[in-house]
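Structure first, commentary second.
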Amino acid sequence: ALARQGGRRVSLEDVLARAERGEKELNLVLKADVAGSLEALADEIVRLPQDQVQVNIIREGVGGIAESDVMLAAASDAVIIGFNVRPVGNAAQVADREGVEIRTYSVIYNIVEDLRAAMEGLLDAKEVEEAVGTAEVRQTFKASRVGTIAGSYVTDGVMRRGVQCRLVRDGTVVYDGRIGSLRRFKDDVREVTAGMECGIVLENYPDPKEGDVIEAYEIKQVEQTLS
């Protein structure tokens, strides 16, 4: 109830402020696409200077961010860090309900730099991802001129030609690029809204599969405060 009333339990933006109040620990749940990435990420994190804030990795694992990860983070006042993975099932909704911050990245260096900046109180600007739409791939088709078409159903928001997107398979990001083209009844269209079916062609990616999820998003720069 307190999490729902007060927003995030713990966020990277308030790490130093919490340390100044005597809360000198930052608990993390780490999830990554493969074991090698997870090991490299954990190694980089333990090398961070921890004179002001002690970083504790309370769980690390391979695969999508699950509801159990969120519940552990909620119980431990932890932030979830994901590398090339996304929330699966109801994890995102549970995180919103419990006030758990989930941060996902595609570059390990960016994770380390964000953590370092948070621990030094310098995390004052951030690229924020804004969701545009989500679609489920239900069937795939081969077309000689355009490649593989992902026959999809838009479940939320809007799919828009040219927008940045990622292809998620079982919670793991297998592609990050752009929507090359959209089709409705063999016609090229600019966008398709929720509740409609469409054909999606991803730029430079020939292998979408049934069951994949396409997440369209935009990146925006916002200012943050630590107070």
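We label chains A, B, ... in the order they appear in the structure tokens, count residues from 1 in each chain, and number ligands from 1 in the order shown.
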Would you pick out the contacts of stretch 53-65 of chain A at 6 Å or less, using only C-alpha atoms, so that residues sharing its chain but fewer than 3 positions from it are not included, and give the list as a PyMOL selection string? chain A and resi 24-34+50+85-88+171-172
Can those selected residues be exported to a file as an mmCIF file, in the first residue's frame so that it contains N, CA, C and O atoms?
```cif
data_model
loop_
_atom_site.group_PDB
_atom_site.id
_atom_site.type_symbol
_atom_site.label_atom_id
_atom_site.label_comp_id
_atom_site.auth_asym_id
_atom_site.auth_seq_id
_atom_site.Cartn_x
_atom_site.Cartn_y
_atom_site.Cartn_z
ATOM 1 N N LYS A 24 22.523 3.173 3.297
ATOM 2 C CA LYS A 24 23.730 3.152 2.473
ATOM 3 C C LYS A 24 23.871 1.895 1.630
ATOM 4 O O LYS A 24 24.968 1.547 1.181
ATOM 5 N N GLU A 25 22.789 1.179 1.368
ATOM 6 C CA GLU A 25 22.838 -0.024 0.552
ATOM 7 C C GLU A 25 21.921 0.118 -0.654
ATOM 8 O O GLU A 25 20.836 0.692 -0.570
ATOM 9 N N LEU A 26 22.370 -0.423 -1.776
ATOM 10 C CA LEU A 26 21.556 -0.517 -2.981
ATOM 11 C C LEU A 26 21.469 -1.985 -3.365
ATOM 12 O O LEU A 26 22.474 -2.603 -3.726
ATOM 13 N N ASN A 27 20.280 -2.552 -3.247
ATOM 14 C CA ASN A 27 20.060 -3.945 -3.613
ATOM 15 C C ASN A 27 19.646 -4.039 -5.072
ATOM 16 O O ASN A 27 18.821 -3.255 -5.555
ATOM 17 N N LEU A 28 20.225 -5.010 -5.781
ATOM 18 C CA LEU A 28 19.941 -5.194 -7.199
ATOM 19 C C LEU A 28 19.520 -6.624 -7.496
ATOM 20 O O LEU A 28 20.061 -7.571 -6.922
ATOM 21 N N VAL A 29 18.574 -6.757 -8.401
ATOM 22 C CA VAL A 29 18.243 -8.037 -9.026
ATOM 23 C C VAL A 29 18.711 -7.934 -10.472
ATOM 24 O O VAL A 29 18.293 -7.039 -11.204
ATOM 25 N N LEU A 30 19.610 -8.830 -10.886
ATOM 26 C CA LEU A 30 20.181 -8.790 -12.233
ATOM 27 C C LEU A 30 19.615 -9.910 -13.085
ATOM 28 O O LEU A 30 19.604 -11.074 -12.669
ATOM 29 N N LYS A 31 19.152 -9.576 -14.289
ATOM 30 C CA LYS A 31 18.727 -10.580 -15.262
ATOM 31 C C LYS A 31 19.376 -10.261 -16.601
ATOM 32 O O LYS A 31 19.480 -9.093 -16.980
ATOM 33 N N ALA A 32 19.817 -11.297 -17.310
ATOM 34 C CA ALA A 32 20.484 -11.097 -18.599
ATOM 35 C C ALA A 32 20.068 -12.190 -19.569
ATOM 36 O O ALA A 32 19.481 -13.214 -19.179
ATOM 37 N N ASP A 33 20.411 -11.975 -20.847
ATOM 38 C CA ASP A 33 19.984 -12.914 -21.884
ATOM 39 C C ASP A 33 20.753 -14.226 -21.846
ATOM 40 O O ASP A 33 20.192 -15.291 -22.106
ATOM 41 N N VAL A 34 22.061 -14.160 -21.541
ATOM 42 C CA VAL A 34 22.890 -15.368 -21.497
ATOM 43 C C VAL A 34 23.813 -15.301 -20.293
ATOM 44 O O VAL A 34 24.059 -14.231 -19.727
ATOM 45 N N GLN A 50 32.585 1.677 -3.702
ATOM 46 C CA GLN A 50 31.420 1.557 -2.835
ATOM 47 C C GLN A 50 31.653 2.177 -1.468
ATOM 48 O O GLN A 50 31.197 1.666 -0.446
ATOM 49 N N VAL A 85 16.908 -8.246 -21.894
ATOM 50 C CA VAL A 85 15.721 -9.011 -21.510
ATOM 51 C C VAL A 85 14.585 -8.037 -21.209
ATOM 52 O O VAL A 85 14.814 -6.838 -21.011
ATOM 53 N N ARG A 86 13.368 -8.578 -21.149
ATOM 54 C CA ARG A 86 12.184 -7.784 -20.884
ATOM 55 C C ARG A 86 11.317 -8.502 -19.856
ATOM 56 O O ARG A 86 11.454 -9.712 -19.634
ATOM 57 N N PRO A 87 10.394 -7.787 -19.201
ATOM 58 C CA PRO A 87 9.450 -8.447 -18.295
ATOM 59 C C PRO A 87 8.578 -9.440 -19.060
ATOM 60 O O PRO A 87 8.199 -9.194 -20.209
ATOM 61 N N VAL A 88 8.268 -10.557 -18.424
ATOM 62 C CA VAL A 88 7.402 -11.564 -19.023
ATOM 63 C C VAL A 88 6.166 -11.752 -18.147
ATOM 64 O O VAL A 88 6.180 -11.471 -16.948
ATOM 65 N N GLY A 171 10.914 -13.497 -23.462
ATOM 66 C CA GLY A 171 11.497 -12.566 -22.514
ATOM 67 C C GLY A 171 12.878 -12.057 -22.876
ATOM 68 O O GLY A 171 13.413 -11.184 -22.198
ATOM 69 N N THR A 172 13.459 -12.579 -23.959
ATOM 70 C CA THR A 172 14.791 -12.171 -24.383
ATOM 71 C C THR A 172 14.710 -11.336 -25.652
ATOM 72 O O THR A 172 13.994 -11.684 -26.591
#
```
Helix (DSSP H, G or I) per DSSP on the backbone: members of chain A, as number ranges by chain: A: 2-6, 12-20, 35-46, 67-76, 91-98, 108-120
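Of the listed residues A:Gly82, A:Gly89, A:Gly22, A:Gly195, the one whose atoms come nearest to A:Arg103 is A:Gly82, with distances taken using only C-alpha atoms.
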Which neighbours of A:Gly180 fall inside 6 Å, counting only C-alpha atoms, when residues of the same chain fewer than 6 positions from it are skipped, and could you give them as number ranges by chain? A: 162, 201-203
Mind pulling up the distance from atom CA of A:Ile214 to atom CA of A:Thr134? 5.7 Å
Per-residue DSSP, chain A, filtered to strand (DSSP E), as an MDAnalysis selection string: chainID A and resid 25:32 54:62 78:83 102:105 125:143 147:160 164:169 172:184 187:189 191:193 197:202 213:223
Non-local contacts of stretch 112-115 of chain A (8 Å; only C-alpha atoms; under 2 positions in same chain excluded) as a PyMOL selection string: chain A and resi 12+44-45+48+108-110+117-119+123
Find the residues around A:Lys209 up to 10 Å (only C-alpha atoms counted), leave out those fewer than 5 positions away in its own chain, and share them as JSON, numbers by chain. {"A": [136, 137, 138, 139, 140, 141, 148, 149, 150, 151, 167, 169]}
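Computed from the coordinates, the atom CA of A:Glu129 to atom CA of A:Tyr217 distance equals 6.5 Å.
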Exercise: A:Ala74 partners within 10 Å, only C-alpha atoms, chain neighbours under 6 positions left out, as a short mmCIF file (atom, residue, chain, number, x, y, z; two decimals) with N, CA, C and O atoms, in the first residue's frame:
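Wrote result-v8.cif, looks like this:
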```cif
data_model
loop_
_atom_site.label_atom_id
_atom_site.label_comp_id
_atom_site.auth_asym_id
_atom_site.auth_seq_id
_atom_site.Cartn_x
_atom_site.Cartn_y
_atom_site.Cartn_z
N ALA A 3 3.87 1.48 -1.17
CA ALA A 3 4.51 1.59 -2.48
C ALA A 3 3.56 2.23 -3.47
O ALA A 3 3.95 3.07 -4.28
N ARG A 8 7.78 4.77 -6.48
CA ARG A 8 8.84 3.76 -6.40
C ARG A 8 9.34 3.60 -4.97
O ARG A 8 9.56 4.57 -4.26
N ARG A 9 9.58 2.33 -4.58
CA ARG A 9 10.22 2.06 -3.28
C ARG A 9 11.65 2.59 -3.31
O ARG A 9 12.08 3.33 -2.43
N VAL A 10 12.40 2.17 -4.33
CA VAL A 10 13.78 2.60 -4.51
C VAL A 10 13.98 2.87 -5.99
O VAL A 10 13.54 2.08 -6.83
N SER A 68 8.38 -13.43 -10.02
CA SER A 68 9.12 -13.77 -8.80
C SER A 68 10.28 -12.81 -8.57
O SER A 68 10.61 -12.49 -7.43
N ILE A 80 15.54 -3.63 -10.21
CA ILE A 80 15.80 -4.71 -11.16
C ILE A 80 16.53 -4.14 -12.38
O ILE A 80 16.09 -3.17 -12.99
N VAL A 94 2.89 -6.12 -12.09
CA VAL A 94 3.17 -6.31 -10.66
C VAL A 94 4.20 -5.28 -10.19
O VAL A 94 4.09 -4.75 -9.09
N ALA A 95 5.18 -4.98 -11.04
CA ALA A 95 6.18 -3.97 -10.68
C ALA A 95 5.53 -2.61 -10.46
O ALA A 95 5.85 -1.89 -9.51
N ARG A 97 2.45 -2.11 -9.57
CA ARG A 97 1.63 -2.21 -8.36
C ARG A 97 2.47 -2.16 -7.10
O ARG A 97 2.08 -1.53 -6.10
N GLU A 98 3.63 -2.79 -7.14
CA GLU A 98 4.47 -2.89 -5.95
C GLU A 98 5.48 -1.75 -5.82
O GLU A 98 6.19 -1.67 -4.83
N GLY A 99 5.55 -0.88 -6.82
CA GLY A 99 6.49 0.23 -6.76
C GLY A 99 7.93 -0.18 -6.99
O GLY A 99 8.85 0.40 -6.42
N VAL A 100 8.15 -1.19 -7.84
CA VAL A 100 9.50 -1.68 -8.13
C VAL A 100 9.99 -1.08 -9.44
O VAL A 100 9.29 -1.12 -10.46
N GLU A 101 11.19 -0.52 -9.42
CA GLU A 101 11.77 0.04 -10.64
C GLU A 101 12.47 -1.04 -11.45
O GLU A 101 13.31 -1.77 -10.92
#
```
Near A:Thr155, within 10 Å and counting only C-alpha atoms, which residues show up once chain neighbours fewer than 4 positions away are dropped, as number ranges by chain? A: 133-136, 159, 193-197, 213
How would the residues just picked look written out with all heavy atoms as a PDB file, in the first residue's frame?
```pdb
ATOM      1  N   GLY A 133       3.649   1.093 -28.810  1.00  0.00           N
ATOM      2  CA  GLY A 133       2.656   0.044 -29.036  1.00  0.00           C
ATOM      3  C   GLY A 133       3.266  -1.331 -28.917  1.00  0.00           C
ATOM      4  O   GLY A 133       4.493  -1.490 -28.892  1.00  0.00           O
ATOM      5  N   THR A 134       2.411  -2.329 -28.853  1.00  0.00           N
ATOM      6  CA  THR A 134       2.836  -3.722 -28.739  1.00  0.00           C
ATOM      7  C   THR A 134       2.012  -4.576 -29.692  1.00  0.00           C
ATOM      8  O   THR A 134       0.805  -4.363 -29.840  1.00  0.00           O
ATOM      9  CB  THR A 134       2.644  -4.244 -27.304  1.00  0.00           C
ATOM     10  OG1 THR A 134       3.319  -3.368 -26.387  1.00  0.00           O
ATOM     11  CG2 THR A 134       3.203  -5.647 -27.144  1.00  0.00           C
ATOM     12  N   ALA A 135       2.680  -5.537 -30.325  1.00  0.00           N
ATOM     13  CA  ALA A 135       1.981  -6.445 -31.236  1.00  0.00           C
ATOM     14  C   ALA A 135       2.486  -7.862 -31.027  1.00  0.00           C
ATOM     15  O   ALA A 135       3.668  -8.074 -30.729  1.00  0.00           O
ATOM     16  CB  ALA A 135       2.182  -6.021 -32.689  1.00  0.00           C
ATOM     17  N   GLU A 136       1.593  -8.827 -31.172  1.00  0.00           N
ATOM     18  CA  GLU A 136       1.948 -10.240 -31.089  1.00  0.00           C
ATOM     19  C   GLU A 136       2.052 -10.819 -32.497  1.00  0.00           C
ATOM     20  O   GLU A 136       1.172 -10.608 -33.329  1.00  0.00           O
ATOM     21  CB  GLU A 136       0.884 -11.017 -30.307  1.00  0.00           C
ATOM     22  CG  GLU A 136       0.737 -10.601 -28.860  1.00  0.00           C
ATOM     23  CD  GLU A 136      -0.403 -11.342 -28.170  1.00  0.00           C
ATOM     24  OE1 GLU A 136      -1.121 -12.104 -28.864  1.00  0.00           O
ATOM     25  OE2 GLU A 136      -0.571 -11.156 -26.965  1.00  0.00           O
ATOM     26  N   MET A 159       1.237   0.598 -33.910  1.00  0.00           N
ATOM     27  CA  MET A 159       2.439   0.250 -34.655  1.00  0.00           C
ATOM     28  C   MET A 159       2.598   1.287 -35.753  1.00  0.00           C
ATOM     29  O   MET A 159       1.652   1.559 -36.504  1.00  0.00           O
ATOM     30  CB  MET A 159       2.310  -1.143 -35.278  1.00  0.00           C
ATOM     31  CG  MET A 159       2.325  -2.285 -34.290  1.00  0.00           C
ATOM     32  SD  MET A 159       3.965  -2.589 -33.575  1.00  0.00           S
ATOM     33  CE  MET A 159       3.658  -2.039 -31.899  1.00  0.00           C
ATOM     34  N   THR A 193      -3.535   0.654 -35.445  1.00  0.00           N
ATOM     35  CA  THR A 193      -3.883   0.856 -34.043  1.00  0.00           C
ATOM     36  C   THR A 193      -4.280  -0.455 -33.362  1.00  0.00           C
ATOM     37  O   THR A 193      -4.491  -1.486 -34.014  1.00  0.00           O
ATOM     38  CB  THR A 193      -5.021   1.872 -33.904  1.00  0.00           C
ATOM     39  OG1 THR A 193      -6.143   1.421 -34.680  1.00  0.00           O
ATOM     40  CG2 THR A 193      -4.586   3.233 -34.412  1.00  0.00           C
ATOM     41  N   ALA A 194      -4.404  -0.389 -32.044  1.00  0.00           N
ATOM     42  CA  ALA A 194      -4.735  -1.557 -31.234  1.00  0.00           C
ATOM     43  C   ALA A 194      -6.049  -2.180 -31.698  1.00  0.00           C
ATOM     44  O   ALA A 194      -6.996  -1.484 -32.072  1.00  0.00           O
ATOM     45  CB  ALA A 194      -4.825  -1.167 -29.761  1.00  0.00           C
ATOM     46  N   GLY A 195      -6.082  -3.520 -31.653  1.00  0.00           N
ATOM     47  CA  GLY A 195      -7.278  -4.250 -32.045  1.00  0.00           C
ATOM     48  C   GLY A 195      -7.315  -4.621 -33.519  1.00  0.00           C
ATOM     49  O   GLY A 195      -8.274  -5.246 -33.968  1.00  0.00           O
ATOM     50  N   MET A 196      -6.263  -4.262 -34.264  1.00  0.00           N
ATOM     51  CA  MET A 196      -6.227  -4.544 -35.691  1.00  0.00           C
ATOM     52  C   MET A 196      -5.071  -5.481 -36.022  1.00  0.00           C
ATOM     53  O   MET A 196      -4.071  -5.531 -35.310  1.00  0.00           O
ATOM     54  CB  MET A 196      -6.095  -3.240 -36.488  1.00  0.00           C
ATOM     55  CG  MET A 196      -7.207  -2.240 -36.240  1.00  0.00           C
ATOM     56  SD  MET A 196      -6.961  -0.674 -37.110  1.00  0.00           S
ATOM     57  CE  MET A 196      -7.206  -1.203 -38.809  1.00  0.00           C
ATOM     58  N   GLU A 197      -5.233  -6.209 -37.117  1.00  0.00           N
ATOM     59  CA  GLU A 197      -4.176  -7.083 -37.600  1.00  0.00           C
ATOM     60  C   GLU A 197      -3.387  -6.374 -38.695  1.00  0.00           C
ATOM     61  O   GLU A 197      -3.911  -5.502 -39.394  1.00  0.00           O
ATOM     62  CB  GLU A 197      -4.770  -8.384 -38.137  1.00  0.00           C
ATOM     63  CG  GLU A 197      -5.442  -9.224 -37.071  1.00  0.00           C
ATOM     64  CD  GLU A 197      -6.018 -10.516 -37.625  1.00  0.00           C
ATOM     65  OE1 GLU A 197      -6.232 -10.574 -38.864  1.00  0.00           O
ATOM     66  OE2 GLU A 197      -6.241 -11.455 -36.851  1.00  0.00           O
ATOM     67  N   VAL A 213       6.960 -11.079 -29.621  1.00  0.00           N
ATOM     68  CA  VAL A 213       6.277  -9.821 -29.298  1.00  0.00           C
ATOM     69  C   VAL A 213       7.110  -8.668 -29.848  1.00  0.00           C
ATOM     70  O   VAL A 213       8.326  -8.615 -29.641  1.00  0.00           O
ATOM     71  CB  VAL A 213       6.086  -9.662 -27.775  1.00  0.00           C
ATOM     72  CG1 VAL A 213       5.489  -8.297 -27.449  1.00  0.00           C
ATOM     73  CG2 VAL A 213       5.188 -10.768 -27.231  1.00  0.00           C
TER      74      VAL A 213
END
```
